[in-house]
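Dumped protein-v2.cif below, it's mmCIF, C-alpha atoms and all ligand atoms:
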```cif
data_data
#
loop_
_atom_site.label_atom_id
_atom_site.label_comp_id
_atom_site.auth_asym_id
_atom_site.auth_seq_id
_atom_site.Cartn_x
_atom_site.Cartn_y
_atom_site.Cartn_z
CA MET A 1 22.32 95.99 76.37
CA SER A 2 19.36 97.15 74.26
CA HIS A 3 20.19 98.61 70.87
CA ASP A 4 19.66 102.17 69.58
CA THR A 5 18.95 101.26 65.93
CA PHE A 6 17.03 98.03 66.55
CA PRO A 7 14.33 98.05 69.23
CA ASN A 8 13.96 94.27 68.73
CA LEU A 9 17.59 93.53 69.65
CA THR A 10 19.53 92.90 72.86
CA VAL A 11 23.28 92.33 72.63
CA ILE A 12 24.43 90.28 75.60
CA ASP A 13 27.86 91.71 76.26
CA HIS A 14 28.82 89.75 79.39
CA PRO A 15 32.64 89.46 79.47
CA LEU A 16 32.64 85.65 79.65
CA ILE A 17 30.38 85.43 76.61
CA GLN A 18 32.54 87.90 74.68
CA HIS A 19 35.70 85.98 75.60
CA LYS A 20 34.27 82.66 74.46
CA LEU A 21 32.92 84.25 71.29
CA ALA A 22 36.42 85.52 70.42
CA VAL A 23 37.76 81.94 70.58
CA LEU A 24 34.75 80.68 68.61
CA ARG A 25 35.44 83.09 65.77
CA ASP A 26 39.09 82.03 65.44
CA ARG A 27 39.58 79.96 62.29
CA GLU A 28 42.15 77.81 64.16
CA THR A 29 39.61 76.66 66.78
CA SER A 30 39.07 72.90 66.48
CA LYS A 31 35.69 71.29 65.82
CA LYS A 32 35.68 69.83 69.35
CA LYS A 33 36.41 73.19 70.95
CA PHE A 34 33.91 74.95 68.67
CA LYS A 35 31.15 72.59 69.80
CA GLU A 36 32.02 73.06 73.49
CA LEU A 37 32.01 76.84 73.10
CA VAL A 38 28.64 76.98 71.30
CA ASP A 39 27.22 74.89 74.13
CA GLU A 40 28.73 77.09 76.87
CA ILE A 41 27.76 80.38 75.25
CA ALA A 42 24.20 79.15 74.72
CA MET A 43 23.97 78.28 78.41
CA LEU A 44 25.30 81.64 79.54
CA MET A 45 23.00 83.49 77.16
CA ALA A 46 19.98 81.47 78.27
CA TYR A 47 20.74 82.54 81.85
CA GLU A 48 20.45 86.19 80.76
CA VAL A 49 17.43 85.67 78.51
CA THR A 50 15.44 83.99 81.28
CA LYS A 51 16.04 86.64 83.92
CA ASP A 52 12.46 87.95 83.52
CA LEU A 53 10.71 84.58 83.93
CA PRO A 54 7.71 84.94 86.24
CA LEU A 55 7.92 83.36 89.69
CA ALA A 56 5.19 81.91 91.90
CA PRO A 57 5.33 81.33 95.65
CA VAL A 58 5.68 77.77 96.89
CA GLN A 59 5.73 76.40 100.44
CA VAL A 60 8.94 74.54 101.23
CA GLU A 61 9.82 72.63 104.37
CA THR A 62 13.47 73.12 105.12
CA PRO A 63 14.99 70.84 107.78
CA LEU A 64 14.20 73.61 110.27
CA GLU A 65 10.86 75.21 109.33
CA THR A 66 8.33 75.93 106.60
CA MET A 67 8.97 78.92 104.38
CA THR A 68 7.65 80.61 101.26
CA ALA A 69 10.14 80.14 98.43
CA TYR A 70 9.73 80.95 94.72
CA GLU A 71 9.74 78.74 91.65
CA VAL A 72 9.36 79.48 87.96
CA ALA A 73 5.65 79.78 87.17
CA GLY A 74 3.65 78.57 84.21
CA LYS A 75 4.38 76.11 81.45
CA LYS A 76 7.98 75.12 80.82
CA LEU A 77 9.79 76.96 78.06
CA THR A 78 9.97 75.27 74.65
CA VAL A 79 13.28 75.62 72.84
CA VAL A 80 13.28 75.18 69.08
CA PRO A 81 16.63 74.72 67.34
CA ILE A 82 16.75 75.44 63.62
CA LEU A 83 18.53 72.42 62.12
CA ARG A 84 21.32 71.83 61.83
CA ALA A 85 23.43 74.45 63.56
CA GLY A 86 20.81 75.29 66.20
CA LEU A 87 21.26 71.75 67.58
CA GLY A 88 24.62 72.84 68.94
CA MET A 89 22.86 75.22 71.34
CA VAL A 90 20.30 72.81 72.78
CA ASP A 91 22.36 70.95 75.40
CA GLY A 92 23.61 74.15 77.02
CA VAL A 93 20.07 75.47 77.43
CA VAL A 94 18.73 72.11 78.63
CA ARG A 95 21.50 71.84 81.24
CA LEU A 96 20.27 75.12 82.69
CA MET A 97 16.57 74.20 82.46
CA PRO A 98 16.21 70.39 82.37
CA GLY A 99 12.42 70.60 82.13
CA VAL A 100 12.26 72.42 78.79
CA ARG A 101 10.47 70.85 75.83
CA VAL A 102 12.41 70.71 72.57
CA GLY A 103 10.79 71.27 69.19
CA HIS A 104 12.71 71.05 65.90
CA ILE A 105 12.53 73.04 62.70
CA GLY A 106 14.46 71.75 59.69
CA LEU A 107 15.53 74.50 57.29
CA TYR A 108 18.50 75.03 55.07
CA ARG A 109 19.48 78.03 53.07
CA ASP A 110 19.68 77.42 49.33
CA HIS A 111 23.25 78.28 48.32
CA ASP A 112 22.23 80.16 45.17
CA THR A 113 19.03 81.95 46.13
CA LEU A 114 19.77 82.24 49.90
CA GLN A 115 16.09 81.40 50.40
CA PRO A 116 15.19 78.99 53.24
CA VAL A 117 14.03 75.53 52.22
CA ASP A 118 12.06 73.72 54.91
CA TYR A 119 12.16 69.96 55.48
CA TYR A 120 11.02 69.26 59.06
CA PHE A 121 8.69 70.69 61.71
CA LYS A 122 7.77 69.23 65.08
CA ILE A 123 6.77 71.11 68.23
CA PRO A 124 4.87 70.11 71.39
CA ALA A 125 1.08 70.35 71.43
CA GLY A 126 -0.60 73.43 72.89
CA ALA A 127 1.60 76.01 71.19
CA GLU A 128 -0.85 78.81 72.10
CA ASN A 129 0.08 78.53 75.78
CA ARG A 130 3.81 78.07 75.45
CA ASP A 131 6.79 80.41 75.41
CA PHE A 132 9.18 79.58 72.58
CA LEU A 133 12.88 80.27 72.29
CA VAL A 134 14.22 79.72 68.76
CA LEU A 135 17.90 78.74 68.66
CA ASP A 136 20.26 79.33 65.74
CA PRO A 137 23.85 80.52 66.04
CA MET A 138 23.68 82.64 62.87
CA LEU A 139 21.18 85.34 61.88
CA ALA A 140 22.43 86.36 58.43
CA THR A 141 19.82 87.51 55.88
CA GLY A 142 17.20 86.53 58.47
CA GLY A 143 15.36 84.38 55.94
CA SER A 144 15.69 81.18 57.99
CA ALA A 145 14.73 82.77 61.31
CA ALA A 146 11.78 84.64 59.76
CA ALA A 147 10.53 81.43 58.13
CA ALA A 148 10.96 79.45 61.37
CA VAL A 149 9.00 82.01 63.37
CA ALA A 150 6.29 82.13 60.67
CA SER A 151 5.93 78.32 60.94
CA LEU A 152 5.66 78.54 64.72
CA LYS A 153 3.00 81.25 64.45
CA ARG A 154 1.05 79.27 61.82
CA ASN A 155 0.96 76.45 64.35
CA GLY A 156 -0.40 78.65 67.10
CA ALA A 157 2.64 80.16 68.82
CA LYS A 158 1.99 83.59 70.31
CA ARG A 159 5.12 84.27 72.35
CA VAL A 160 8.43 83.70 70.57
CA ARG A 161 11.96 84.91 71.21
CA MET A 162 15.13 84.22 69.25
CA LEU A 163 18.60 83.43 70.56
CA CYS A 164 21.59 83.61 68.24
CA LEU A 165 25.33 84.01 68.69
CA VAL A 166 26.18 86.32 65.78
CA ALA A 167 23.72 88.56 63.94
CA ALA A 168 24.05 90.73 60.84
CA PRO A 169 22.18 94.05 60.66
CA GLU A 170 20.34 92.73 57.59
CA GLY A 171 18.93 89.80 59.58
CA VAL A 172 17.89 91.89 62.56
CA ARG A 173 16.13 94.31 60.16
CA ARG A 174 14.35 91.41 58.44
CA MET A 175 13.11 90.14 61.80
CA LEU A 176 11.95 93.62 62.77
CA ASP A 177 10.02 93.95 59.49
CA ASP A 178 8.47 90.46 59.52
CA HIS A 179 8.10 89.76 63.24
CA PRO A 180 8.33 92.97 65.29
CA ASP A 181 6.93 91.09 68.31
CA VAL A 182 9.89 88.68 68.40
CA HIS A 183 12.82 89.92 70.45
CA VAL A 184 16.26 88.84 69.26
CA TYR A 185 19.13 88.19 71.68
CA THR A 186 22.64 87.95 70.30
CA ALA A 187 26.20 87.89 71.59
CA ALA A 188 27.37 90.15 68.73
CA LEU A 189 25.95 92.40 66.05
CA ASP A 190 28.48 92.15 63.22
CA ARG A 191 29.16 94.59 60.39
CA GLU A 192 27.45 93.23 57.26
CA LEU A 193 26.88 90.33 54.89
CA ASN A 194 29.26 89.53 52.07
CA ASP A 195 27.96 88.98 48.53
CA VAL A 196 27.25 85.29 49.18
CA GLY A 197 25.32 85.95 52.38
CA TYR A 198 28.01 85.20 54.97
CA ILE A 199 28.33 87.38 58.04
CA LEU A 200 31.42 89.62 58.22
CA PRO A 201 33.53 89.25 60.26
CA GLY A 202 31.37 86.33 61.47
CA LEU A 203 32.70 82.88 62.26
CA GLY A 204 32.22 81.09 58.95
CA ASP A 205 29.69 78.32 58.40
CA ALA A 206 28.42 77.36 61.84
CA GLY A 207 26.90 74.02 60.76
CA ASP A 208 30.08 72.94 58.96
CA ARG A 209 32.29 73.93 61.90
CA LEU A 210 30.01 72.14 64.39
CA PHE A 211 29.62 68.92 62.45
CA GLY A 212 32.86 68.79 60.47
CA THR A 213 31.20 68.93 57.04
CA LYS A 214 32.35 71.03 54.14
C1 LIG B 1 22.78 78.60 58.52
C2 LIG B 1 22.45 79.06 59.92
C3 LIG B 1 21.07 79.62 59.77
C4 LIG B 1 21.10 80.22 58.39
C5 LIG B 1 21.29 81.70 58.51
O1 LIG B 1 22.19 77.38 58.27
O2 LIG B 1 22.56 78.05 60.88
O3 LIG B 1 20.05 78.65 59.90
O4 LIG B 1 22.22 79.64 57.71
O5 LIG B 1 21.19 82.30 57.27
P1 LIG B 1 20.00 83.28 56.88
O6 LIG B 1 19.79 84.18 58.06
O7 LIG B 1 20.53 84.00 55.69
O8 LIG B 1 18.79 82.45 56.57
P2 LIG B 1 22.38 76.61 56.87
O9 LIG B 1 21.32 77.03 55.91
O10 LIG B 1 23.79 76.75 56.42
O11 LIG B 1 22.04 75.11 57.26
P3 LIG B 1 22.82 74.12 58.23
O12 LIG B 1 22.61 74.63 59.65
O13 LIG B 1 22.13 72.83 57.98
O14 LIG B 1 24.26 74.11 57.85
N1 LIG B 2 25.19 80.77 57.95
C1 LIG B 2 26.37 80.55 58.58
O1 LIG B 2 26.60 79.45 59.13
N2 LIG B 2 27.28 81.54 58.61
C2 LIG B 2 27.06 82.74 58.05
O2 LIG B 2 27.93 83.62 58.11
C3 LIG B 2 25.82 82.95 57.38
C4 LIG B 2 24.91 81.95 57.35
#
```

Could you rewrite the structure in this file as structure tokens?
Ligand code: PRP
Ligand code: URA
Amino acid sequence: MSHDTFPNLTVIDHPLIQHKLAVLRDRETSKKKFKELVDEIAMLMAYEVTKDLPLAPVQVETPLETMTAYEVAGKKLTVVPILRAGLGMVDGVVRLMPGVRVGHIGLYRDHDTLQPVDYYFKIPAGAENRDFLVLDPMLATGGSAAAAVASLKRNGAKRVRMLCLVAAPEGVRRMLDDHPDVHVYTAALDRELNDVGYILPGLGDAGDRLFGTK
């Protein structure tokens, strides 16, 4: 569903995704279950996000005759998780598209300033000709996502999309201001940020819940 206020946003409101997201948000959900759900939701969302991939004809010999079938055209997608929490989304996407390349961007949000601090960057060569999908469960102030996309663009990326699970209006606005060419897909657009930059109602700290840190 495209969004009236944010032209850069699609909320994927498939019932299975919404159901799994409800369990994910629950504070009583265990770390093990949380990890499984992030993985499953990422896979279901990737299915939706890739529905416009271009196809090219290919000749296939079935056991009975030769036919023209269709396969995904062009270079394989490159997924780029923002560490740490984005890592939880990688396996689900890779299960759907085993041929994807995986880049990594290491960023954390400084607790006091809420500004992103970067510590790692590695993507496949030939960024100019690749389609990138940035993965991070949480789009809060948007500082991390905006910085990640800026790094990708500095390294040559031209076509970037972003996949998150929960977004705050502030983060979607930040992405629209900084990177209007980058479409954001989310399972939910939540109400607002609290005064320490957490999404309300949100699901808490995604990295801590995934990896059992606190
Ligand atoms: C979380 C989350 C995003 C970022 C979102 O990561 O996974 O990367 O915060 O916040 P923002 O939109 O305000 O930048 P965090 O910085 O907690 O690092 P972690 O994944 O290593 O826990
Ligand atoms: N990062 C998280 O993990 N959760 C939030 O609500 C905001 C930033």

Quiz item: If I put a ball of radius 12 Å at (15.4, 76.8, 82.8) in the file's coordinates, which residues poke into it when counting all atoms listed in the file, written as a PyMOL selection string?
Solution: chain A and resi 43-54+71-79+90-101+131+133

Mind writing the picked residues with C-alpha atoms as a PDB file, in the frame of the given file?
```
ATOM      1  CA  MET A  43      23.970  78.280  78.410  1.00  0.00           C
ATOM      2  CA  LEU A  44      25.300  81.640  79.540  1.00  0.00           C
ATOM      3  CA  MET A  45      23.000  83.490  77.160  1.00  0.00           C
ATOM      4  CA  ALA A  46      19.980  81.470  78.270  1.00  0.00           C
ATOM      5  CA  TYR A  47      20.740  82.540  81.850  1.00  0.00           C
ATOM      6  CA  GLU A  48      20.450  86.190  80.760  1.00  0.00           C
ATOM      7  CA  VAL A  49      17.430  85.670  78.510  1.00  0.00           C
ATOM      8  CA  THR A  50      15.440  83.990  81.280  1.00  0.00           C
ATOM      9  CA  LYS A  51      16.040  86.640  83.920  1.00  0.00           C
ATOM     10  CA  ASP A  52      12.460  87.950  83.520  1.00  0.00           C
ATOM     11  CA  LEU A  53      10.710  84.580  83.930  1.00  0.00           C
ATOM     12  CA  PRO A  54       7.710  84.940  86.240  1.00  0.00           C
ATOM     13  CA  GLU A  71       9.740  78.740  91.650  1.00  0.00           C
ATOM     14  CA  VAL A  72       9.360  79.480  87.960  1.00  0.00           C
ATOM     15  CA  ALA A  73       5.650  79.780  87.170  1.00  0.00           C
ATOM     16  CA  GLY A  74       3.650  78.570  84.210  1.00  0.00           C
ATOM     17  CA  LYS A  75       4.380  76.110  81.450  1.00  0.00           C
ATOM     18  CA  LYS A  76       7.980  75.120  80.820  1.00  0.00           C
ATOM     19  CA  LEU A  77       9.790  76.960  78.060  1.00  0.00           C
ATOM     20  CA  THR A  78       9.970  75.270  74.650  1.00  0.00           C
ATOM     21  CA  VAL A  79      13.280  75.620  72.840  1.00  0.00           C
ATOM     22  CA  VAL A  90      20.300  72.810  72.780  1.00  0.00           C
ATOM     23  CA  ASP A  91      22.360  70.950  75.400  1.00  0.00           C
ATOM     24  CA  GLY A  92      23.610  74.150  77.020  1.00  0.00           C
ATOM     25  CA  VAL A  93      20.070  75.470  77.430  1.00  0.00           C
ATOM     26  CA  VAL A  94      18.730  72.110  78.630  1.00  0.00           C
ATOM     27  CA  ARG A  95      21.500  71.840  81.240  1.00  0.00           C
ATOM     28  CA  LEU A  96      20.270  75.120  82.690  1.00  0.00           C
ATOM     29  CA  MET A  97      16.570  74.200  82.460  1.00  0.00           C
ATOM     30  CA  PRO A  98      16.210  70.390  82.370  1.00  0.00           C
ATOM     31  CA  GLY A  99      12.420  70.600  82.130  1.00  0.00           C
ATOM     32  CA  VAL A 100      12.260  72.420  78.790  1.00  0.00           C
ATOM     33  CA  ARG A 101      10.470  70.850  75.830  1.00  0.00           C
ATOM     34  CA  ASP A 131       6.790  80.410  75.410  1.00  0.00           C
ATOM     35  CA  LEU A 133      12.880  80.270  72.290  1.00  0.00           C
TER      36      LEU A 133
END
```

Quiz item: Within 10 Å of ligand LIG 1 (chain B), counting all atoms listed in the file, which protein or nucleic acid residues do you find, written as an MDAnalysis selection string?
Solution: chainID A and resid 81:88 105:111 113:118 135:148 164 166:168 170:172 174:175 193 196:199 204:211 213:214

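Take atom CA of Ile17 of chain A and atom CA of Lys158 of chain A: the distance between them is 29.1 Å.
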
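Within 12 Å of His3 of chain A, once only C-alpha atoms are used and residues closer than 4 positions along the same chain are dropped, the contacting residues are Pro7, Asn8, Leu9, Thr10, Val11, Ile12, Asp13, Pro169, Val172, His183, Val184, Tyr185, Thr186, Ala188 and Leu189 of chain A.
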
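One distance worth recording is that between atom CA of Ala127 of chain A and atom CA of Arg159 of chain A, which is 9.1 Å.
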
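Each of A:Glu128, A:Asp39, A:Val134, A:Leu203 was checked against Arg154 of chain A using all atoms listed in the file; the smallest atom-to-atom distance is that of A:Glu128.
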
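Distance check against ligand LIG 2 (chain B) using all atoms listed in the file: of A:Ala42, A:Ala69, A:Val149, A:Arg25, the minimum falls on A:Arg25.
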
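You will find atom CA of Arg27 of chain A at 24.4 Å from atom CA of Asp112 of chain A.
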
Self-check item: Residue nearest Thr5 of chain A - candidates A:Leu176, A:Leu163, A:Ile41, A:Leu152, atoms counted: all atoms listed in the file
Solution: A:Leu176

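With all atoms listed in the file as the atoms that count, the minimum distance from Arg161 of chain A to the choices A:Arg130, A:Arg173, A:His104, A:Arg191 is reached by A:Arg130.
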
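Residue nearest Val182 of chain A, chosen from A:Phe6, A:Pro124, A:Val102, A:Leu55 and counting all atoms listed in the file: A:Phe6.
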
With 8 Å of padding per side, what axis-aligned box (centre and edge lengths, Å, one decimal) covers all the listed atoms of segment 27-33 of chain A? Give it as lines of an AutoDock Vina configuration file.
```
center_x = 38.9
center_y = 74.9
center_z = 66.6
size_x = 22.5
size_y = 26.1
size_z = 24.7
```

What would segment 59-81 of chain A look like with N, CA and C atoms in place, written as a tab-separated table (two decimals), keeping the file's coordinate frame?
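part36.tsv was written with the following content:
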```
chain	number	residue	atom	x	y	z
A	59	GLN	N	5.36	76.70	99.05
A	59	GLN	CA	5.73	76.40	100.44
A	59	GLN	C	6.77	75.30	100.44
A	60	VAL	N	7.86	75.53	101.16
A	60	VAL	CA	8.94	74.54	101.23
A	60	VAL	C	9.25	74.26	102.70
A	61	GLU	N	9.39	72.98	103.01
A	61	GLU	CA	9.82	72.63	104.37
A	61	GLU	C	11.32	72.43	104.36
A	62	THR	N	12.03	73.33	104.97
A	62	THR	CA	13.47	73.12	105.12
A	62	THR	C	13.65	72.16	106.31
A	63	PRO	N	14.82	71.71	106.60
A	63	PRO	CA	14.99	70.84	107.78
A	63	PRO	C	14.60	71.55	109.07
A	64	LEU	N	14.46	72.88	109.03
A	64	LEU	CA	14.20	73.61	110.27
A	64	LEU	C	12.79	74.18	110.39
A	65	GLU	N	12.22	74.65	109.26
A	65	GLU	CA	10.86	75.21	109.33
A	65	GLU	C	10.26	75.32	107.93
A	66	THR	N	8.99	75.73	107.89
A	66	THR	CA	8.33	75.93	106.60
A	66	THR	C	8.53	77.38	106.17
A	67	MET	N	8.78	77.56	104.90
A	67	MET	CA	8.97	78.92	104.38
A	67	MET	C	8.29	79.07	103.03
A	68	THR	N	8.12	80.33	102.61
A	68	THR	CA	7.65	80.61	101.26
A	68	THR	C	8.87	80.84	100.37
A	69	ALA	N	9.07	79.95	99.42
A	69	ALA	CA	10.14	80.14	98.43
A	69	ALA	C	9.49	80.45	97.09
A	70	TYR	N	10.28	80.58	96.03
A	70	TYR	CA	9.73	80.95	94.72
A	70	TYR	C	10.24	80.00	93.65
A	71	GLU	N	9.33	79.58	92.79
A	71	GLU	CA	9.74	78.74	91.65
A	71	GLU	C	9.19	79.34	90.37
A	72	VAL	N	9.79	78.95	89.26
A	72	VAL	CA	9.36	79.48	87.96
A	72	VAL	C	7.92	79.05	87.71
A	73	ALA	N	7.09	80.04	87.34
A	73	ALA	CA	5.65	79.78	87.17
A	73	ALA	C	5.32	79.42	85.73
A	74	GLY	N	4.17	78.79	85.56
A	74	GLY	CA	3.65	78.57	84.21
A	74	GLY	C	4.26	77.38	83.52
A	75	LYS	N	3.89	77.25	82.24
A	75	LYS	CA	4.38	76.11	81.45
A	75	LYS	C	5.87	76.25	81.21
A	76	LYS	N	6.54	75.10	81.11
A	76	LYS	CA	7.98	75.12	80.82
A	76	LYS	C	8.23	75.72	79.44
A	77	LEU	N	9.37	76.39	79.34
A	77	LEU	CA	9.79	76.96	78.06
A	77	LEU	C	9.95	75.86	77.00
A	78	THR	N	9.69	76.20	75.75
A	78	THR	CA	9.97	75.27	74.65
A	78	THR	C	11.10	75.86	73.81
A	79	VAL	N	12.20	75.14	73.70
A	79	VAL	CA	13.28	75.62	72.84
A	79	VAL	C	13.15	74.94	71.47
A	80	VAL	N	13.45	75.69	70.44
A	80	VAL	CA	13.28	75.18	69.08
A	80	VAL	C	14.55	75.48	68.26
A	81	PRO	N	15.46	74.51	68.19
A	81	PRO	CA	16.63	74.72	67.34
A	81	PRO	C	16.25	74.67	65.86
```
